[in-house]
>>> print(open('start-v8.cif').read())   # mmCIF, C-alpha atoms and all ligand atoms
data_input
#
loop_
_atom_site.label_atom_id
_atom_site.label_comp_id
_atom_site.auth_asym_id
_atom_site.auth_seq_id
_atom_site.Cartn_x
_atom_site.Cartn_y
_atom_site.Cartn_z
CA MET A 337 -46.29 35.97 -25.69
CA ASP A 338 -49.49 34.41 -27.04
CA ASN A 339 -48.20 31.27 -28.78
CA PHE A 340 -51.70 30.52 -30.08
CA ARG A 341 -51.21 33.37 -32.63
CA HIS A 342 -48.31 31.41 -34.13
CA LEU A 343 -47.37 27.86 -35.05
CA LEU A 344 -44.04 27.47 -33.26
CA ARG A 345 -44.62 23.90 -32.09
CA LEU A 346 -47.72 21.76 -32.20
CA ARG A 347 -48.02 21.53 -28.43
CA ASP A 348 -49.06 25.21 -28.39
CA TRP A 349 -52.24 24.39 -30.32
CA ASP A 350 -55.26 22.67 -28.78
CA THR A 351 -57.02 19.59 -30.12
CA GLU A 352 -59.92 21.64 -31.43
CA ARG A 353 -57.72 23.88 -33.58
CA ILE A 354 -55.71 20.92 -34.90
CA LEU A 355 -58.86 19.07 -35.98
CA ASN A 356 -60.35 22.26 -37.40
CA THR A 357 -57.20 22.90 -39.45
CA ILE A 358 -57.26 19.35 -40.83
CA GLY A 359 -60.95 19.80 -41.68
CA ILE A 360 -60.25 23.07 -43.55
CA ALA A 361 -57.36 21.38 -45.39
CA ILE A 362 -59.55 18.51 -46.60
CA ARG A 363 -62.23 20.96 -47.76
CA LEU A 364 -59.69 23.16 -49.60
CA LYS A 365 -58.18 20.08 -51.26
CA ASN A 366 -61.61 19.01 -52.55
CA GLU A 367 -62.40 22.53 -53.71
CA VAL A 368 -59.18 22.79 -55.74
CA LYS A 369 -59.96 19.39 -57.32
CA ASN A 370 -63.25 20.96 -58.47
CA GLY A 371 -61.55 24.10 -59.75
CA ILE A 372 -62.71 26.30 -56.86
CA TYR A 373 -60.17 28.75 -55.44
CA SER A 374 -60.80 30.92 -52.39
CA GLU A 375 -59.77 34.59 -52.26
CA ARG A 376 -59.40 34.47 -48.49
CA LEU A 377 -55.89 35.95 -48.46
CA LYS A 378 -56.33 38.47 -51.27
CA GLY A 379 -53.89 41.33 -50.80
CA LYS A 380 -51.96 39.48 -48.08
CA THR A 381 -48.29 38.48 -48.18
CA ILE A 382 -46.05 36.07 -46.33
CA GLY A 383 -42.27 36.16 -46.04
CA LEU A 384 -40.42 32.85 -46.54
CA PHE A 385 -37.12 32.75 -44.64
CA PHE A 386 -35.26 29.44 -45.16
CA GLU A 387 -31.80 28.83 -43.70
CA LYS A 388 -31.89 25.14 -44.72
CA PRO A 389 -32.69 23.52 -48.09
CA SER A 390 -36.25 22.57 -49.04
CA LEU A 391 -38.32 21.20 -51.90
CA ARG A 392 -41.73 20.46 -50.40
CA THR A 393 -42.09 23.16 -47.77
CA ILE A 394 -41.02 26.15 -49.83
CA THR A 395 -42.91 25.07 -52.95
CA SER A 396 -46.12 24.21 -51.13
CA PHE A 397 -46.13 27.50 -49.19
CA GLN A 398 -45.58 29.47 -52.41
CA VAL A 399 -48.27 27.59 -54.33
CA GLY A 400 -50.62 27.61 -51.34
CA MET A 401 -50.38 31.36 -50.85
CA HIS A 402 -51.07 31.85 -54.57
CA GLN A 403 -54.09 29.51 -54.43
CA LEU A 404 -55.57 31.62 -51.61
CA GLY A 405 -55.18 34.86 -53.58
CA GLY A 406 -52.14 36.14 -51.68
CA MET A 407 -48.46 36.47 -52.50
CA PRO A 408 -45.32 34.86 -51.01
CA VAL A 409 -42.08 36.81 -50.81
CA THR A 410 -38.80 34.89 -50.62
CA LEU A 411 -36.35 36.33 -48.11
CA GLU A 412 -32.69 35.57 -48.72
CA PRO A 413 -30.86 34.67 -45.46
CA LYS A 414 -27.44 35.55 -46.91
CA SER A 415 -28.60 39.00 -47.92
CA ILE A 416 -30.44 39.64 -44.65
CA GLY A 417 -27.48 38.61 -42.46
CA LEU A 418 -29.40 37.75 -39.34
CA ASN A 419 -27.44 38.71 -36.19
CA GLN A 420 -24.59 39.89 -38.41
CA ARG A 421 -25.93 42.69 -40.56
CA GLU A 422 -28.89 43.30 -38.27
CA SER A 423 -30.46 42.10 -35.02
CA VAL A 424 -33.38 39.66 -34.90
CA LYS A 425 -35.39 42.32 -33.10
CA ASP A 426 -35.02 44.92 -35.87
CA ILE A 427 -35.61 42.39 -38.64
CA ALA A 428 -38.81 41.16 -36.94
CA ARG A 429 -40.08 44.71 -36.40
CA CYS A 430 -39.43 45.77 -40.01
CA LEU A 431 -40.91 42.62 -41.55
CA SER A 432 -44.04 43.16 -39.44
CA ARG A 433 -44.59 46.45 -41.31
CA TRP A 434 -44.61 44.75 -44.74
CA VAL A 435 -45.80 41.16 -44.60
CA ASN A 436 -48.78 39.54 -42.86
CA GLY A 437 -46.96 36.39 -41.73
CA LEU A 438 -43.54 34.80 -41.59
CA VAL A 439 -42.65 31.21 -42.49
CA VAL A 440 -39.27 30.25 -41.05
CA ARG A 441 -36.98 27.24 -41.51
CA CYS A 442 -33.88 27.51 -39.33
CA PHE A 443 -31.62 25.64 -36.94
CA LYS A 444 -32.55 26.85 -33.48
CA GLN A 445 -36.09 26.76 -32.12
CA THR A 446 -35.20 29.92 -30.16
CA LEU A 447 -34.99 31.88 -33.43
CA VAL A 448 -38.64 31.25 -34.37
CA GLU A 449 -39.56 32.14 -30.79
CA GLN A 450 -37.59 35.42 -30.94
CA LEU A 451 -39.10 36.40 -34.29
CA ALA A 452 -42.56 35.76 -32.83
CA GLU A 453 -41.74 37.73 -29.71
CA HIS A 454 -40.31 40.82 -31.41
CA GLY A 455 -42.60 41.09 -34.42
CA ASN A 456 -46.37 41.45 -34.40
CA ILE A 457 -47.24 39.00 -37.18
CA PRO A 458 -47.88 35.23 -36.97
CA VAL A 459 -44.72 33.10 -37.27
CA ILE A 460 -44.98 29.59 -38.72
CA ASN A 461 -42.24 27.07 -37.97
CA ALA A 462 -41.27 25.44 -41.28
CA LEU A 463 -38.75 23.14 -39.51
CA THR A 464 -36.20 23.70 -36.79
CA ASP A 465 -33.73 21.27 -35.22
CA GLU A 466 -36.44 20.47 -32.66
CA HIS A 467 -39.81 20.60 -34.46
CA HIS A 468 -41.61 20.28 -37.79
CA PRO A 469 -45.27 21.05 -36.99
CA CYS A 470 -46.42 21.57 -40.62
CA GLN A 471 -45.23 18.04 -41.43
CA ALA A 472 -47.09 16.58 -38.46
CA LEU A 473 -50.30 18.38 -39.45
CA ALA A 474 -50.00 17.01 -43.00
CA PHE A 475 -49.57 13.55 -41.48
CA GLY A 476 -52.69 14.17 -39.37
CA GLN A 477 -54.61 15.04 -42.53
CA VAL A 478 -53.49 11.80 -44.20
CA MET A 479 -54.46 9.79 -41.11
CA VAL A 480 -57.98 11.28 -41.14
CA GLU A 481 -58.30 10.71 -44.91
CA GLN A 482 -57.11 7.09 -44.62
CA PHE A 483 -58.65 5.91 -41.39
CA GLY A 484 -61.55 8.28 -40.69
CA GLU A 485 -61.62 7.62 -36.94
CA ILE A 486 -58.03 8.06 -35.77
CA GLN A 487 -58.37 7.92 -32.00
CA GLY A 488 -56.60 4.83 -30.66
CA LYS A 489 -54.53 4.29 -33.83
CA THR A 490 -50.85 3.45 -33.30
CA VAL A 491 -48.02 5.27 -35.07
CA ALA A 492 -44.59 3.59 -34.89
CA PHE A 493 -41.79 6.03 -35.69
CA ILE A 494 -38.77 3.97 -36.76
CA GLY A 495 -35.48 5.88 -36.61
CA ASP A 496 -34.01 8.95 -34.98
CA GLY A 497 -35.75 10.74 -32.10
CA ASN A 498 -35.58 13.95 -34.13
CA ASN A 499 -37.61 17.06 -35.03
CA VAL A 500 -40.21 15.12 -37.04
CA ALA A 501 -40.53 12.52 -34.26
CA ASN A 502 -41.17 15.32 -31.74
CA SER A 503 -43.92 16.91 -33.84
CA VAL A 504 -45.58 13.60 -34.76
CA MET A 505 -45.48 12.68 -31.06
CA GLU A 506 -47.17 15.99 -30.17
CA LEU A 507 -49.83 15.38 -32.82
CA CYS A 508 -50.52 11.88 -31.47
CA ALA A 509 -50.77 13.18 -27.90
CA LYS A 510 -53.31 15.84 -28.92
CA LEU A 511 -55.44 13.52 -31.06
CA GLY A 512 -55.47 10.43 -28.83
CA MET A 513 -53.21 8.28 -31.02
CA ASN A 514 -50.54 5.99 -29.55
CA PHE A 515 -46.95 6.93 -30.41
CA THR A 516 -44.11 4.40 -30.35
CA LEU A 517 -40.51 5.30 -31.09
CA ALA A 518 -38.07 2.58 -32.15
CA CYS A 519 -34.50 3.87 -32.15
CA PRO A 520 -30.98 2.79 -31.21
CA LYS A 521 -30.05 3.38 -27.58
CA GLY A 522 -28.97 6.99 -27.08
CA PHE A 523 -31.02 8.37 -29.98
CA GLU A 524 -34.29 8.80 -28.10
CA GLN A 525 -36.11 12.14 -28.01
CA LYS A 526 -35.00 14.55 -25.29
CA LYS A 527 -36.59 13.71 -21.97
CA GLU A 528 -38.09 17.19 -21.58
CA GLU A 529 -39.82 16.91 -24.99
CA ILE A 530 -41.46 13.63 -23.96
CA GLU A 531 -42.42 14.87 -20.53
CA LEU A 532 -44.24 17.88 -21.97
CA SER A 533 -46.47 15.55 -23.99
CA LEU A 534 -47.16 12.87 -21.37
CA PRO A 535 -50.08 14.74 -19.71
CA GLU A 536 -51.70 15.17 -23.17
CA PHE A 537 -51.37 11.44 -23.89
CA LYS A 538 -52.99 10.71 -20.55
CA LYS A 539 -55.78 13.25 -21.05
CA ASN A 540 -56.63 11.89 -24.50
CA GLY A 541 -56.38 8.20 -23.55
CA SER A 542 -53.36 7.14 -25.60
CA LYS A 543 -49.83 5.96 -24.86
CA TYR A 544 -46.18 6.86 -25.47
CA LYS A 545 -43.70 3.98 -25.75
CA VAL A 546 -40.06 3.63 -26.72
CA PHE A 547 -38.18 0.50 -27.88
CA ASN A 548 -34.54 0.00 -28.78
CA GLU A 549 -35.37 -2.51 -31.50
CA PRO A 550 -37.92 -2.22 -34.30
CA LYS A 551 -39.71 -5.60 -34.38
CA GLU A 552 -41.59 -5.19 -31.11
CA ALA A 553 -42.47 -1.59 -32.02
CA VAL A 554 -44.23 -2.47 -35.28
CA LYS A 555 -46.28 -5.37 -33.84
CA ASN A 556 -49.45 -3.37 -33.18
CA ALA A 557 -48.81 -0.45 -35.52
CA ASP A 558 -51.36 0.98 -37.93
CA ILE A 559 -48.69 3.02 -39.66
CA LEU A 560 -44.89 3.18 -39.66
CA TYR A 561 -43.24 6.59 -39.91
CA SER A 562 -39.79 6.96 -41.47
CA ASP A 563 -37.33 9.84 -41.69
CA VAL A 564 -33.64 10.23 -42.49
CA TRP A 565 -31.16 9.04 -39.86
CA VAL A 566 -29.08 12.20 -40.27
CA SER A 567 -30.98 15.48 -40.28
CA MET A 568 -29.99 18.70 -42.01
CA GLY A 569 -27.15 20.28 -40.07
CA GLN A 570 -25.88 16.91 -38.70
CA GLU A 571 -24.07 15.82 -41.88
CA GLY A 572 -20.81 15.37 -39.95
CA GLN A 573 -22.40 12.55 -37.92
CA LYS A 574 -23.38 10.48 -40.97
CA LYS A 575 -20.66 7.81 -40.74
CA SER A 576 -20.87 7.29 -37.00
CA LYS A 577 -24.67 7.21 -36.94
CA GLN A 578 -25.24 4.86 -39.86
CA ASN A 579 -24.00 1.68 -38.14
CA TYR A 580 -26.32 2.16 -35.18
CA PHE A 581 -29.33 2.70 -37.43
CA LEU A 582 -28.93 -0.16 -39.92
CA PRO A 583 -31.28 -2.50 -37.98
CA PHE A 584 -33.92 0.26 -38.07
CA GLN A 585 -34.48 0.17 -41.82
CA ILE A 586 -38.11 -0.12 -42.99
CA ASN A 587 -38.02 -3.03 -45.42
CA ASP A 588 -40.23 -5.95 -46.47
CA GLU A 589 -38.86 -8.13 -43.65
CA LEU A 590 -39.83 -5.59 -40.99
CA LEU A 591 -43.25 -5.13 -42.59
CA LYS A 592 -43.89 -8.86 -42.15
CA GLN A 593 -43.78 -8.28 -38.39
CA ALA A 594 -46.48 -5.59 -38.60
CA PRO A 595 -50.25 -6.19 -38.93
CA GLU A 596 -51.39 -6.84 -42.50
CA HIS A 597 -53.27 -3.53 -42.77
CA CYS A 598 -50.24 -1.51 -41.62
CA LYS A 599 -49.27 1.46 -43.84
CA VAL A 600 -45.98 3.34 -44.16
CA THR A 601 -45.12 6.98 -44.60
CA HIS A 602 -42.03 9.17 -44.81
CA CYS A 603 -41.74 12.94 -44.49
CA LEU A 604 -39.23 13.00 -47.39
CA PRO A 605 -36.61 13.54 -48.67
CA ALA A 606 -35.79 9.80 -48.36
CA ASN A 607 -32.42 8.13 -48.61
CA ARG A 608 -33.59 5.05 -50.49
CA GLY A 609 -31.61 2.00 -49.37
CA GLU A 610 -30.87 3.51 -45.96
CA GLU A 611 -33.85 4.18 -43.65
CA ILE A 612 -36.32 2.73 -46.20
CA THR A 613 -35.91 0.37 -49.16
CA ASP A 614 -36.87 1.01 -52.78
CA SER A 615 -39.28 -1.88 -52.51
CA VAL A 616 -41.28 -0.20 -49.70
CA MET A 617 -41.01 3.29 -51.21
CA ASP A 618 -42.39 2.05 -54.53
CA ASN A 619 -45.19 -0.02 -53.00
CA LEU A 620 -47.90 2.59 -53.42
CA GLN A 621 -50.54 0.28 -51.93
CA ILE A 622 -49.00 0.86 -48.52
CA ASN A 623 -46.71 3.88 -48.86
CA LEU A 624 -48.60 7.12 -48.18
CA CYS A 625 -45.63 9.50 -48.37
CA TYR A 626 -46.78 11.15 -51.60
CA GLU A 627 -50.25 11.69 -50.13
CA GLU A 628 -48.49 13.32 -47.19
CA ALA A 629 -46.46 15.54 -49.54
CA GLU A 630 -49.70 16.56 -51.26
CA ALA A 631 -51.31 17.25 -47.89
CA ARG A 632 -48.54 19.75 -47.09
CA LEU A 633 -50.04 22.12 -49.65
CA HIS A 634 -53.55 22.01 -48.27
CA VAL A 635 -52.79 21.84 -44.57
CA GLN A 636 -50.44 24.81 -44.85
CA LYS A 637 -53.17 26.75 -46.65
CA ALA A 638 -55.39 25.85 -43.70
CA ILE A 639 -52.72 27.10 -41.27
CA LEU A 640 -52.51 30.41 -43.19
CA TRP A 641 -56.32 30.51 -43.29
CA GLU A 642 -56.43 30.30 -39.48
CA LEU A 643 -53.48 32.54 -38.58
CA LEU A 644 -53.65 35.32 -41.19
CA ASN A 645 -57.31 35.93 -40.55
CA GLY A 646 -56.90 39.09 -38.44
N1 LIG B 1 -40.59 17.17 -45.68
C1 LIG B 1 -40.07 18.37 -45.94
O1 LIG B 1 -40.13 19.29 -45.14
O2 LIG B 1 -39.48 18.47 -47.16
P1 LIG B 1 -38.50 19.64 -47.61
O3 LIG B 1 -37.30 19.57 -46.71
O4 LIG B 1 -38.18 19.34 -49.04
O5 LIG B 1 -39.21 20.95 -47.45
N1 LIG B 2 -35.38 15.28 -39.92
C1 LIG B 2 -35.21 15.83 -41.24
C2 LIG B 2 -36.52 16.23 -41.81
C3 LIG B 2 -36.47 16.77 -43.22
C4 LIG B 2 -37.80 17.23 -43.70
C5 LIG B 2 -34.25 17.00 -41.19
O1 LIG B 2 -34.36 17.83 -40.27
O2 LIG B 2 -33.40 17.11 -42.05
#
>>> encode(input="start-v8.cif", output="structure tokens")
Amino acid sequence: MDNFRHLLRLRDWDTERILNTIGIAIRLKNEVKNGIYSERLKGKTIGLFFEKPSLRTITSFQVGMHQLGGMPVTLEPKSIGLNQRESVKDIARCLSRWVNGLVVRCFKQTLVEQLAEHGNIPVINALTDEHHPCQALAFGQVMVEQFGEIQGKTVAFIGDGNNVANSVMELCAKLGMNFTLACPKGFEQKKEEIELSLPEFKKNGSKYKVFNEPKEAVKNADILYSDVWVSMGQEGQKKSKQNYFLPFQINDELLKQAPEHCKVTHCLPANRGEEITDSVMDNLQINLCYEEAEARLHVQKAILWELLNG
């Protein structure tokens, strides 16, 4: 399977395509601000298949497709009955006859891979238990907008070694940014995920580090990344996880340990008072999470621009 036709995980894309996508996103954002809308995807459709809740991803894909002259179609998981009413193979083959691309939010990474394998349309991962590449690309866009030159910048991800951490790590590896994870012992990213990115870090001259306390991790950071401690689908672990993660809250005290210019972001939704305080969330001088939410719209248009071209 040619993974370059899809966006299943960021590691499948090369540095050139990532930078190109961010460049397209910034251009499209400026054009919309000036009232210019492209017709690039006129007559095209995408299917949106979401097994987990969403505000940002579903809305920004719908609006983005409309802004490019195309149309999104919402697919209802309950009605489709994946692997119950019908096999993944048959669903992928039928959808390929109607829509030009598929945007999928689900639990298992293997599902997006199977849909890509059995259909003949681009599949875009809109979050799985393992990856969230659209989020990482939006973060990349914000980094370029904020810092201009991003090579050598340091991102400190404070919290769980989860799907967003994996994708942000892959982005950093591809773009020559340092990635530091600060998490409680036992909540690191899977070894195999890290190992797949290490050669990219080396090639692009940046570093991967992990700490089991946050203070050391933020010392040289240009930006702190926050996400929930308990991801969708793990709700049963909330009580047991919370105690481990309390010292990993992004608050004003922790920010004092970071360089003065250090910014903060969060993929959202945020649990205010848990992984991040109200005081940091509402400090819009340093908190870039709403810029990142805005970037989702434009970077996803850029992804569609690249993948639905054929
Ligand atoms: N960050 C993000 O993916 O938000 P939603 O879950 O609301 O789509
Ligand atoms: N890690 C979070 C990200 C939400 C956008 C989750 O999977 O729920």
>>> closest_residue(input="start-v8.cif", among="A:Lys539, A:Lys378, A:Lys575, A:Arg441", to="A:Leu411", atoms="all atoms listed in the file")
A:Arg441
>>> closest_residue(input="start-v8.cif", among="A:Arg433, A:Lys388, A:Lys551, A:Lys489", to="ligand LIG 2 (chain B)", atoms="only C-alpha atoms and all ligand atoms")
A:Lys388
>>> residues_near_ligand(input="start-v8.cif", ligand="ligand LIG 2 (chain B)", cutoff="7 Å", atoms="only C-alpha atoms and all ligand atoms", output="list in words")
Leu463, Asp465, Asn498, Asn499, Val500, Asp563, Val564, Val566, Ser567, Met568, Cys603, Leu604 and Pro605 of chain A
>>> axis_aligned_box(input="start-v8.cif", around="ligand LIG 1 (chain B)", padding_each_side="5 Å", output="AutoDock Vina command-line options")
--center_x -38.9 --center_y 19.1 --center_z -47.1 --size_x 13.3 --size_y 13.8 --size_z 13.9
>>> closest_residue(input="start-v8.cif", among="A:Leu391, A:Cys598, A:Val491, A:Val435", to="ligand LIG 1 (chain B)", atoms="all atoms listed in the file")
A:Leu391
>>> residues_around(input="start-v8.cif", residues="A:Glu552", least_positions_apart="3", cutoff="12 Å", atoms="all atoms listed in the file", output="list of chain:residue names")
A:Ala492, A:Ile494, A:Thr516, A:Leu517, A:Ala518, A:Cys519, A:Lys545, A:Val546, A:Phe547, A:Asn548, A:Glu549, A:Lys555, A:Asn556, A:Ala557, A:Phe584, A:Leu590, A:Leu591, A:Lys592, A:Gln593, A:Ala594, A:Pro595
>>> closest_residue(input="start-v8.cif", among="A:Ala606, A:Ile382, A:Leu404, A:Val399", to="ligand LIG 1 (chain B)", atoms="all atoms listed in the file")
A:Ala606
>>> closest_residue(input="start-v8.cif", among="A:Met407, A:Leu644, A:Ala629, A:Cys508", to="ligand LIG 1 (chain B)", atoms="only C-alpha atoms and all ligand atoms")
A:Ala629
>>> atom_distance(input="start-v8.cif", atom1="atom CA of A:Gly359", atom2="atom CA of A:Glu481")
10.0 Å
>>> residues_around(input="start-v8.cif", residues="A:Gly541", least_positions_apart="3", cutoff="8 Å", atoms="all atoms listed in the file", output="JSON, numbers by chain")
{"A": [488, 512, 537, 538]}
>>> atom_distance(input="start-v8.cif", atom1="atom CA of A:Thr395", atom2="atom CA of A:Leu633")
8.4 Å
>>> closest_residue(input="start-v8.cif", among="A:Thr601, A:Gln477, A:Asn540, A:Thr357", to="ligand LIG 1 (chain B)", atoms="all atoms listed in the file")
A:Thr601
>>> residues_around(input="start-v8.cif", residues="A:Lys577", least_positions_apart="5", cutoff="12 Å", atoms="only C-alpha atoms", output="list of chain:residue names")
A:Gly495, A:Asp496, A:Cys519, A:Pro520, A:Lys521, A:Gly522, A:Phe523, A:Val564, A:Trp565, A:Val566, A:Ser567, A:Gln570, A:Glu571, A:Gly572, A:Leu582, A:Pro583, A:Phe584, A:Glu610, A:Glu611
>>> residues_near_point(input="start-v8.cif", point="(-30.1, 26.2, -31.7)", cutoff="9 Å", atoms="only C-alpha atoms", output="PyMOL selection string")
chain A and resi 442-447+464-466
>>> atom_distance(input="start-v8.cif", atom1="atom CA of A:Ala501", atom2="atom CA of A:Ser533")
12.2 Å
